[in-house]
Amino acid sequence: MELFTNLALGFDVAFSPFTLGLAVIGCILGTMIGSLPGLGPSNGVAILIPLTFSLGLDATQALVLMTSVYYGAMYGGRISSILLNIPGDEPAMMTCLDGYPMARKGRAGDALVLSGVASFVGALLATIGLMLLAPLLARVAYQFGPAEYFALYMLAFTTLGGIGSNNQAKAALAVCLGLGIATIGVDSSTGMTRFTGGNMHLFDGIDFLVAIVGLFAVSEVLVFIESHGKNSAIGVKLEKVTIPWADIARTKYTMLRATGIGFVAGLLPGAGASLGSFLAYMGEKSFARDKSQFGKGDPRGIAAPEAGNNAAAGGALVPMLTLGVPGSGTTAVLLALLMTLNITPGPTLFTERPEVVWGLIASLLIANVVLLILNVPMVRFFSRVLQVPPWILLPGVTLVSFVGIYSLTGSYFDLLLMVAFGVLGWFLRKMDIPSVPVILGILLGGHMEVNLRRAMVLSDGDWTYLVSSGISISLWILAILGFLAPFFFRDKLKIPSQNS
Amino acid sequence: MSDRITGLIVVVLALAYFASATTLEEPFFADPLGPRAFPMLVAFVAAVCGLVMLLKPDTEPEWPKLTTFYHLMFAVIALVLYAFALKPLGFLASTALAGIAVSYLIEANARNAVMAGVALSGGLFLIFKFIFGLSLFALPRWLMG
């Protein structure tokens, strides 16, 4: 019953005309951002965050707007995967495998509608899962002390390093880079400054939004400059859009299975939507009796990754809201938003600010319906967005990033820092060092250190305190397994290819 | 080779970070761990990662050709100049110039680049000023009196 009271509260917040309007605008913006190649949920949300502050929204409204953009971008990512064979964002990569071949057969419209419906099923069920699971997890999270939180952060970093990358050493290095950056500035426990080199601008530490926009958006511009001309894909024309009822009916169980896999993948702190779509696709392929059509435009190969990545997007919100540990790059960006709004995610969020949590959940349910409408009957409009030429899109991204950060801090030093992070992001990408762990390190580094030091205060410097409770021991075991697993499964984690 | 060089740089940087952490003063009323331990732990793990990269490098990444590399340098220089110019030059001129530079580097078409730069600068100014309510100065302050 409590659930319904809470949900009623949520819908009360979400159905105010202004909030509803924000959700719709967020969905439209998000779908556009998602469908643009090179702009995805993480960098799209990142460049919009500074701007939402200047709109003077309250916490719930800002969160509704940005999560609608997030969900929208998850839906939109498939459009360029299917029409251009270029994933609009990383989680949409698996959709290329069967989506583009299906479009090449003259069934682009069918592929878009089918993937839109699959996205809807995945996202809707995952939002319901979030609704049921998050309060339960929040109750468990009440028992978390500093030792448990420290172990949880370790789990987030090792699963990210383990599953999310090709090379453990590089992923771990990325985490260290982020943690190291987080130590710059005033040490909150003693009030002394560390690693500032006497530079006044660094006393407050490095603003994580500066780092995020630099690593995600500015580096993308550099990557585009490097590859200009090379990525000119042969687009597929979108003919008449009809609803492929037969394919939808045939893939209904595929969607459900993929939603389950994706949701669980999203729950893992640090793993995220890319893993969700990957596992959903591979799971469906191994489950299928006739595998011959995979990679050639099999409807199951479109429905599975799309349901999977959207379910993972919802699942990733669970650890983010209840524990303050994001499950993906984009939820890391959303965590940055929460922290800037002075909202501390965690179990207390559910009791102290129920209107934020339940308003968000209700808005997500509404956003899903809006997104289904936008992405099925109106998909033709969004496919036009793909025609925005890069020579106007990317300068636009650059300029919006600059103005956003400038409006936030008003300092040229932060702009320079952002450019530096852009160069760093480009270099990391070249070196195959993932940049999401860097962000996560910057975001969580402060908390991780504070919790470690608190644990040491409580135990009077006894390190075994870190593994003294059942919860922390299980988290450590999971963390170690998460880090070691890829050594054994490396061959199975290879992305299959199209075979048209 | 790139992995080996980067690994070496990482090891050196991690050692420098470690050394810098050891010089931090331990305040009198510090907690048992103090401000040094966490950075030292991070430095240690980073150094191990650097060593692994040094000893077990991945396949060589595809570095850009020299001309592309120059383009990237130009882009970075343009963005740095933009950061310095935004305040003294005013929004419109500096943003248009930065837009033109980035656009031209993405596709070397002067007409398109000028169009993109000018249109973006004007359009974004209107959006930011009147929808988002940011206090932007269109022109250099000495011109606005």
# chains A, B, ... in the order shown; residues from 1 in each chain; ligands from 1
>>> residues_around(residues="Pro101 of chain A", least_positions_apart="6", cutoff="12 Å", atoms="only C-alpha atoms", output="compact mmCIF listing (two decimals) with C-alpha atoms, in the first residue's frame")
# COMPACT_ATOMS: atom_id res chain seq x y z
CA SER A 81 22.63 2.72 -35.62
CA ILE A 82 19.88 1.53 -37.93
CA LEU A 83 20.01 4.20 -40.64
CA LEU A 84 23.74 4.97 -40.78
CA ASN A 85 25.37 1.93 -39.17
CA THR A 95 21.75 -2.46 -32.49
CA ARG A 107 12.90 -2.47 -43.94
CA ALA A 108 14.35 0.59 -42.18
CA ASP A 110 10.17 -1.73 -39.51
CA ALA A 111 13.51 -1.82 -37.74
CA GLY A 235 22.77 6.24 -45.18
CA VAL A 236 19.71 4.13 -45.77
CA GLN A 293 19.96 -14.89 -39.33
CA PHE A 294 21.83 -13.06 -36.55
CA GLY A 295 23.99 -10.33 -38.03
CA LYS A 296 21.84 -10.31 -41.18
CA GLY A 297 18.83 -8.41 -39.92
CA ASP A 298 17.17 -10.80 -37.48
CA PRO A 299 14.33 -8.99 -35.66
CA GLY A 301 18.84 -9.08 -32.86
CA ILE A 302 17.18 -5.67 -32.87
CA SER A 497 30.25 -8.84 -36.50
CA GLN A 498 27.65 -8.24 -39.17
CA ASN A 499 27.65 -10.89 -41.83
CA SER A 500 25.70 -9.54 -44.71
>>> interface_residues(of="chain B", to="chain A", cutoff="8 Å", atoms="only C-alpha atoms", output="count of residues only")
56
>>> select_by_dssp(residues="segment 166-400 of chain A", states="strand (DSSP E or B)", output="list in words")
Gly185, Val186, Thr193 and Arg194 of chain A
>>> residues_around(residues="Val11 of chain B", least_positions_apart="4", cutoff="8 Å", atoms="only C-alpha atoms", output="PyMOL selection string")
chain B and resi 7+15+46-48+50-51
>>> write_last_selection(atoms="N, CA and C atoms", output="compact mmCIF listing (two decimals), in the first residue's frame")
# COMPACT_ATOMS: atom_id res chain seq x y z
N GLY B 7 53.20 4.06 -20.07
CA GLY B 7 53.40 3.36 -18.81
C GLY B 7 54.53 3.98 -18.01
N LEU B 15 55.08 8.25 -8.96
CA LEU B 15 56.12 8.43 -7.94
C LEU B 15 56.16 9.88 -7.48
N ALA B 46 48.42 3.16 -9.04
CA ALA B 46 48.70 3.74 -10.36
C ALA B 46 50.06 3.30 -10.86
N ALA B 47 51.05 3.27 -9.97
CA ALA B 47 52.39 2.86 -10.38
C ALA B 47 52.40 1.40 -10.85
N VAL B 48 51.65 0.55 -10.15
CA VAL B 48 51.56 -0.85 -10.58
C VAL B 48 50.94 -0.94 -11.98
N GLY B 50 50.95 1.35 -14.26
CA GLY B 50 51.94 1.86 -15.21
C GLY B 50 52.96 0.79 -15.55
N LEU B 51 53.41 0.05 -14.54
CA LEU B 51 54.39 -1.02 -14.77
C LEU B 51 53.81 -2.10 -15.67
>>> atom_distance(atom1="atom CA of Gly99 of chain A", atom2="atom CA of Gly44 of chain A")
23.2 Å
>>> closest_atom_pairs(of="segment 40-69 of chain A", to="segment 10-15 of chain A", cutoff="10 Å", atoms="only C-alpha atoms", output="tab-separated table")
residue	atom	partner	partner_atom	distance
A:Thr60	CA	A:Val13	CA	8.5
A:Gln61	CA	A:Ala14	CA	8.9
A:Val64	CA	A:Ala14	CA	8.4
>>> closest_residue(among="A:Ser219, A:Thr322, A:Ser286, A:Asn6", to="Pro347 of chain A", atoms="only C-alpha atoms")
A:Thr322
>>> closest_atom_pairs(of="segment 263-311 of chain A", to="segment 112-132 of chain A", cutoff="10 Å", atoms="only C-alpha atoms", output="JSON lines")
{"residue": "A:Phe263", "atom": "CA", "partner": "A:Ala126", "partner_atom": "CA", "distance": 6.2}
{"residue": "A:Val264", "atom": "CA", "partner": "A:Ala126", "partner_atom": "CA", "distance": 9.5}
{"residue": "A:Gly266", "atom": "CA", "partner": "A:Ala126", "partner_atom": "CA", "distance": 9.5}
{"residue": "A:Leu267", "atom": "CA", "partner": "A:Leu130", "partner_atom": "CA", "distance": 9.5}
{"residue": "A:Pro299", "atom": "CA", "partner": "A:Leu114", "partner_atom": "CA", "distance": 7.7}
{"residue": "A:Arg300", "atom": "CA", "partner": "A:Leu114", "partner_atom": "CA", "distance": 9.6}
{"residue": "A:Gly301", "atom": "CA", "partner": "A:Ser115", "partner_atom": "CA", "distance": 9.7}
{"residue": "A:Ile302", "atom": "CA", "partner": "A:Ser115", "partner_atom": "CA", "distance": 6.0}
{"residue": "A:Ala303", "atom": "CA", "partner": "A:Ala118", "partner_atom": "CA", "distance": 5.2}
{"residue": "A:Ala304", "atom": "CA", "partner": "A:Ala118", "partner_atom": "CA", "distance": 7.4}
{"residue": "A:Pro305", "atom": "CA", "partner": "A:Ala118", "partner_atom": "CA", "distance": 8.6}
{"residue": "A:Glu306", "atom": "CA", "partner": "A:Ser119", "partner_atom": "CA", "distance": 5.2}
{"residue": "A:Ala307", "atom": "CA", "partner": "A:Gly122", "partner_atom": "CA", "distance": 4.2}
{"residue": "A:Gly308", "atom": "CA", "partner": "A:Gly122", "partner_atom": "CA", "distance": 6.3}
{"residue": "A:Asn309", "atom": "CA", "partner": "A:Gly122", "partner_atom": "CA", "distance": 7.6}
{"residue": "A:Asn310", "atom": "CA", "partner": "A:Ala123", "partner_atom": "CA", "distance": 4.9}
{"residue": "A:Ala311", "atom": "CA", "partner": "A:Gly122", "partner_atom": "CA", "distance": 4.4}
>>> write_last_selection(atoms="C-alpha atoms", output="mmCIF file, in the first residue's frame")
data_model
loop_
_atom_site.group_PDB
_atom_site.id
_atom_site.type_symbol
_atom_site.label_atom_id
_atom_site.label_comp_id
_atom_site.auth_asym_id
_atom_site.auth_seq_id
_atom_site.Cartn_x
_atom_site.Cartn_y
_atom_site.Cartn_z
ATOM 1 C CA PHE A 263 18.002 -4.685 -15.780
ATOM 2 C CA VAL A 264 20.327 -6.923 -13.801
ATOM 3 C CA GLY A 266 22.251 -2.099 -14.990
ATOM 4 C CA LEU A 267 22.040 -2.870 -11.282
ATOM 5 C CA PRO A 299 14.330 -8.990 -35.660
ATOM 6 C CA ARG A 300 15.413 -10.671 -32.422
ATOM 7 C CA GLY A 301 18.841 -9.083 -32.864
ATOM 8 C CA ILE A 302 17.180 -5.669 -32.867
ATOM 9 C CA ALA A 303 14.643 -6.203 -30.122
ATOM 10 C CA ALA A 304 17.102 -7.772 -27.663
ATOM 11 C CA PRO A 305 19.801 -5.067 -27.447
ATOM 12 C CA GLU A 306 17.285 -2.222 -27.452
ATOM 13 C CA ALA A 307 15.154 -3.716 -24.688
ATOM 14 C CA GLY A 308 18.398 -4.604 -22.913
ATOM 15 C CA ASN A 309 20.029 -1.192 -22.975
ATOM 16 C CA ASN A 310 16.902 0.689 -21.997
ATOM 17 C CA ALA A 311 16.255 -1.739 -19.157
#
>>> atom_distance(atom1="atom CA of Leu323 of chain A", atom2="atom CA of Trp358 of chain A")
16.3 Å
>>> atom_distance(atom1="atom CA of Ser401 of chain A", atom2="atom CA of Pro437 of chain A")
21.2 Å
>>> select_by_dssp(residues="segment 118-283 of chain A", states="alpha helix (DSSP H)", output="number ranges by chain")
A: 118-141, 146-163, 168-182, 208-213, 219-226, 245-250, 252-267, 273-283
>>> residues_around(residues="Ala367 of chain A", least_positions_apart="3", cutoff="7 Å", atoms="only C-alpha atoms", output="number ranges by chain")
A: 23-24, 27, 68, 363-364, 370-371
>>> residues_around(residues="Asp204 of chain A", least_positions_apart="2", cutoff="9 Å", atoms="only C-alpha atoms", output="list in words")
Ile184, Gly185, Val186, Thr193, Met200, His201, Leu202, Ile206 and Asp207 of chain A
>>> closest_residue(among="B:Phe91, B:Met115, B:Ala101, B:Leu126", to="Arg141 of chain B", atoms="only C-alpha atoms")
B:Phe91
